[in-house]
Every structure is written in structure tokens, then in C-alpha cells.
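Participant: Supplied in C-alpha cells, the structure appears directly below.
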Amino acid sequence: MAHDDEFAKIMKFFSMSQEERAENFENVFEQSAEFFEKFNHIMKEGTLEEKQLMISELQELQKVVQEETDKLSDSSGLSPEELKEFASKPENFSPEQWEMIQSTRSRIEKDAEEASNNLSFNELPNSPAKPIKKKKTPRDKGGWIKS
């Protein structure tokens, strides 16, 4: 599948040395944006199998990102909240990096929101099904069903 390339490249980023990560900083953001665009497309148009694979990959990516956040938190002495605060300040990045981060963040947020709006959890196994609400029958003041 085409999205496998972006997913593999994103995952490879996490196995790189710090120097390699610095060199590939912009690339991983671009690949992440492309991955989420494809995620959104598959959630709208894909088969059940493709949707399940994408959700599985997203969960794996989320796990790795959390592990990396924990490592960074441990090595820097900053809490995850402090790291998030650091990452939200433009003065901690070059203007080019900040523009790229903001642009990528915007693309990912748009795709994630769109995918969330289009995702039908009833189609996916092991997902909680939404209860089907019964339509109430209109009644008159006397409690009788209108004809």
C-alpha cells in the first residue's frame, strides 16, 4: 500500500541518532503530514481492511511517540507538560523551522478532524457501537397515538 512508505519513514526516524534526527527534522514532518492525509483518505474511501491497518499503524506510531516523549522527558529533566510548553514557543526554533512546524501541524489537525468526522466506528470490529435510538412516536395530549 502507498501509505506504507510514509509510515516506514516516520518509524525509521525514531531509530536514528540525534544527529541524524536533526538532519531529517523537516523530512519527518512532511512525511507525517503525508501519512495523515492518506489516513484521512483511507478513512473516507478505504476498505475495512485498509482502515484497520491504518488505525493499527496510527496506534503503533502513538506508542512510539509516547515512548520518545518519556525518554526525552527523562533525559532533559522536563515533564511532558514542560516539553509541550517548550515546543509551543516559536523562540525555541528558527523561523523556518517554526513555519514548517506550524504548517505541518495545521495540515495534520485538519486531516485528523476530517477523518474523525468521517470515521464510522460501527464498521470497525472491537469498537464500541453507537446505540441506535428509537424514534419516538408522536402522541396527542391524551396519550393516544395519532393516526
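Residues are named by chain letter and number: chains run A, B, ... in the order of the C-alpha cells, numbers start at 1 in each chain, and ligands are numbered from 1 in the order shown.
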Please provide the set of residues having any atom within 9 Å of A:Glu37, restricted to only C-alpha atoms, with same-chain residues fewer than 6 positions apart removed, written as a PyMOL selection string.
Facilitator: chain A and resi 107-108+111-112
Participant: Give me, as JSON lines, the closest atom pair and its distance (Å, one decimal) for every residue of stretch 42-133 of chain A within a cut-off of 10 Å of stretch 9-13 of chain A, counting only C-alpha atoms, rows sorted by chain and rising number.
Facilitator:
```
{"residue": "A:Glu57", "atom": "CA", "partner": "A:Met11", "partner_atom": "CA", "distance": 9.9}
{"residue": "A:Glu60", "atom": "CA", "partner": "A:Met11", "partner_atom": "CA", "distance": 9.2}
{"residue": "A:Leu61", "atom": "CA", "partner": "A:Met11", "partner_atom": "CA", "distance": 7.2}
{"residue": "A:Val64", "atom": "CA", "partner": "A:Met11", "partner_atom": "CA", "distance": 8.1}
{"residue": "A:Val65", "atom": "CA", "partner": "A:Met11", "partner_atom": "CA", "distance": 9.5}
```
Participant: Could you check how far atom CA of A:Met54 sits from atom CA of A:Thr69, in Å to one decimal?
Facilitator: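 Those two atoms sit 22.1 Å apart.
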Participant: Between atom CA of A:Leu53 and atom CA of A:Phe39, what is the distance, to one decimal in Å?
Facilitator: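 If I compute the distance from atom CA of A:Leu53 to atom CA of A:Phe39, I get 9.8 Å.
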Participant: In terms of the shortest atom-to-atom distance over only C-alpha atoms, which of A:Ser75, A:Asn92, A:Lys51, A:Ile101 is closest to A:Val28?
Facilitator: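 For A:Val28, the nearest of the given residues is A:Ile101.
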Participant: Do you have the atom CA of A:Ser32-atom CA of A:Glu50 distance handy?
Facilitator: 18.0 Å
Participant: Find the residues near stretch 43-46 of chain A: any atom within 10 Å, counting only C-alpha atoms, skip ones fewer than 3 places away on the same chain, and give them as an MDAnalysis selection string.
Facilitator: chainID A and resid 37:40 49:52 54:55 114:120
Participant: Quick one: write out the picked residues with C-alpha atoms as a PDB file, in the first residue's frame?
Facilitator:
```pdb
ATOM      1  CA  GLU A  37      -3.503  12.917   4.514  1.00  0.00           C
ATOM      2  CA  LYS A  38      -3.510   9.278   3.412  1.00  0.00           C
ATOM      3  CA  PHE A  39      -5.017   8.253   6.742  1.00  0.00           C
ATOM      4  CA  ASN A  40      -7.849  10.687   6.134  1.00  0.00           C
ATOM      5  CA  GLU A  49      -9.068  -3.947   5.893  1.00  0.00           C
ATOM      6  CA  GLU A  50      -7.280  -0.729   4.877  1.00  0.00           C
ATOM      7  CA  LYS A  51      -8.994   1.189   7.674  1.00  0.00           C
ATOM      8  CA  GLN A  52      -7.994  -1.426  10.240  1.00  0.00           C
ATOM      9  CA  MET A  54      -4.262   2.486   9.216  1.00  0.00           C
ATOM     10  CA  ILE A  55      -5.683   2.513  12.728  1.00  0.00           C
ATOM     11  CA  GLU A 114     -11.894  15.446   8.887  1.00  0.00           C
ATOM     12  CA  ALA A 115     -11.055  11.772   9.480  1.00  0.00           C
ATOM     13  CA  SER A 116     -12.691  11.874  12.885  1.00  0.00           C
ATOM     14  CA  ASN A 117     -15.849  13.367  11.395  1.00  0.00           C
ATOM     15  CA  ASN A 118     -15.967  10.706   8.688  1.00  0.00           C
ATOM     16  CA  LEU A 119     -14.967   7.679  10.740  1.00  0.00           C
ATOM     17  CA  SER A 120     -17.758   5.202  11.297  1.00  0.00           C
TER      18      SER A 120
END
```
